[in-house]
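Structure first, then comments.
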Amino acid sequence: MAELSELERVRLQKLEDLRKAGMQAYPHRATRTHTTSQAIEAFEAAPKGEEVKVAAVGRLRSVRKMGKSTFAHIEDEHGKLQIYLRLDDLGEERLKLFNEAFDLGDFVQAEGTMMRTRAGEITLQVTEYSMLAKAITPLPTPKEEIVDGKPVVHHAFRDPEARYRQRYVDLAVNEDVREVFRARARVVHALREFLDERGFLEVETPVLQPIYGGAAARPFITHHNQLHQDLYLRISFELYLKRLLVGNLERVYEIGRDFRNEGVSYKHNPEFTQVEFYIAYADYNQVMELTEQMVSFAAEQAVGSSKIEYQGHSIDLTPPWNRIQLQQALLEFADVDIGEHPNAESLRELILARDHEPKAGATRGQLIESLLVNYVEPRLIQPTFIYDYPRDISPLAKSKTDDPNTVERFEGFVAGFEICNAFTELNDPLDQEQRFLEMGREYEADDEERHPMDEDYLRAMRYGMPPCGGFGMGVDRLVMLLTDQPNIREVLLYPHLRSRD
């Protein structure tokens with residue numbers, strides 16, 4: 001065991017005192033008839049004078065000792081309940097044991113009858129209690145100081161690094177953090193409900209893949225010892241989901257984890273949750289409509305409104321969203337007409353003149369994307385679809401009928417960052433094979449944009465893939481948006497962190 005603090009040693013002694021008194025500190029079972037909120041509701045609903053018997057459990061949050069009686073509060077996931085322990089009900093020995101051996105943070109069970117105190121608070125008058133789990137390490141507590149003659153309360157456990165490393169403590173002491181993750185659960189539930197109601201089938205595809213693909217990202221590599229085979233943690237569900245359309249499943253989706261071996265930032269984590277769907281006989285225009293409807297629905301279900309506040313901005317997610325063609329957006333926000341720059345050399349010169357250093361060997365599409373990221377994306381506060389992207393950074397999207405170098409692709413932006421990406425999917429196996437070959441020639445082997453040749457995916461396409469639209473969205477970013485969190489780590493229970501060493 002790690003070296004204990006003085007407070008921890010004191011609590012260990014109290015644990016021994018409980019055992020000597022014949023009380024288990026970590027019993028096998030608990031008895032609970034009501035949650036804290038149910039206990040209060042039951043008392044309020046009962047006819048006057050009728051006894052309401054309750055067994056409640058929770059973490060001990062406050063204790064006030066008053067001679068022959070003690071008031072305390074226990075907290076469970078549903079709320080807080082005051083408990084009242086009297087000498088006349090428990091006897092001197094039992095009241096003393098509670099006062100001397102129970103600490104804030106302990107999980108306790110209290111049984112008795114509901115009542116209302118003279119101060120009007122609904123309370124459980126305790127006739128029996130027990131310890132459920134003795135807390136050896138005390139939880140952080142808020143600190144109060146006087147500033148300009150007024151009391152100021154500093155929240156407990158607010159250091160971000162400590163909170164992320166010890167999320168269990170963060171959740172235990174910060175109700176607002178617990179609510180973020182309740183909202184996250186409501187978001188995921190809403191996405192499922194939206195898609196299920198529209199006839200989509202939820203499926204599961206491999207996390208370990210022999211060939212990675214479906215996105216522009218560097219994969220994590222692992223190894224299967226028995227098969228003597230390198231495998232990749234998936235970076236996307238896309239290629240496996242589209243195989244299902246070949247198999248006559250017309251509407252499919254998956255919500256799950258993707259893994260990308262890339263940098264960590266306020267909007268990136270190596271392990272993240274994504275929702276992807278694919279719909280046969282649809283194009284990117286229909287997918288745009290589904291996207292704005294789905295995000296608005298998720299907002300209403302998760303936070304009660306499609307009108308939200310994010311980092312000082314009032315944002316309306318109600319459809320329809322703004323739609324701007326990429327070329328027009330760059331002209332409007334970056335004062336660049338990409339039509340006047342038909343090759344990478346010309347665009348590189350322009351970007352260098354603006355004091356940006358583009359990636360060495362970047363293609364024209366990558367340079368256009370850098371202009372979008374630097375000049376357009378930060379200014380898209382209200383929900384906006386930017387559409388029609390360069391072909392060379394969109395190898396899985398179908399080209400426009402009147403422009404083979406531009407594809408039917410859109411990205412959705414809100415609050416200055418991208419939340420989703422979608423295409424009219426390429427379903428021509430010969431064109432797809434040519435795209436893979438081109439990327440093999442145009443990109444370095446370690447370039448994140450490079451998609452390896454997936455022969456089985458091409459084989460599936462040759463059986464016939466219906467025209468279709470596809471969509472992917474980072475669930476974590478959506479939760480950030482809906483809960484007004486500035487950093488993706490705030491919406492991940494266990495974000496990736498550097499080693500302390």
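Identifiers in the structure tokens: chain A, B, ... in order shown; residue index from 1 per chain; ligand index from 1 in order shown.
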>> Residues within 9 Å of A:Val169, please, as a PyMOL selection string. Count only C-alpha atoms; anything in the same chain fewer than 5 positions from it doesn't count.
In response: chain A and resi 139-140+157+163+174
>> Taking 6 positions as the minimum chain separation for residues in the same chain, which residues sit within 8 Å of A:Arg59 when counting only C-alpha atoms? Answer as a list in words.
In response: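 In the requested format, the answer is Ile74, Glu75, Asp76, Leu104, Gly105, Asp106, Phe107 and Val108 of chain A.
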> Between atom CA of A:Arg186 and atom CA of A:Thr31, what is the spacing in Å?
Replying inline: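 Result for atom CA of A:Thr31 versus atom CA of A:Arg186: 29.1 Å, one decimal.
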> Which residue, A:Val180, A:Ala162, A:Leu87, A:Cys468, has the smallest gap to A:Val252 when you use only C-alpha atoms?
Replying inline: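 Smallest distance to A:Val252 is found for A:Cys468.
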> Contacts of A:Tyr129 at 7 Å or less, counting only C-alpha atoms, minus same-chain residues fewer than 6 places along, as number ranges by chain?
Replying inline: A: 109-111
Per residue of stretch 276-392 of chain A within 12 Å of stretch 206-229 of chain A, which atom pair is closest and at what distance in Å (one decimal), using only C-alpha atoms, listed by chain and increasing number, as JSON lines?
```
{"residue": "A:Glu276", "atom": "CA", "partner": "A:Gly214", "partner_atom": "CA", "distance": 11.0}
{"residue": "A:Gln366", "atom": "CA", "partner": "A:Ala216", "partner_atom": "CA", "distance": 11.2}
{"residue": "A:Asp392", "atom": "CA", "partner": "A:Ala216", "partner_atom": "CA", "distance": 11.5}
```
> So which one's closest to A:Leu482, A:Phe297, A:Tyr232, A:Phe237, A:Phe98? Using only C-alpha atoms, please.
Replying inline: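 Using only C-alpha atoms, the shortest distance to A:Leu482 belongs to A:Phe297.
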> What lies within 7 Å of stretch 343-356 of chain A using only C-alpha atoms, ignoring chain neighbours under 6 positions off, as a list of chain:residue names?
Replying inline: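 That gives A:Thr363, A:Arg364, A:Leu367.
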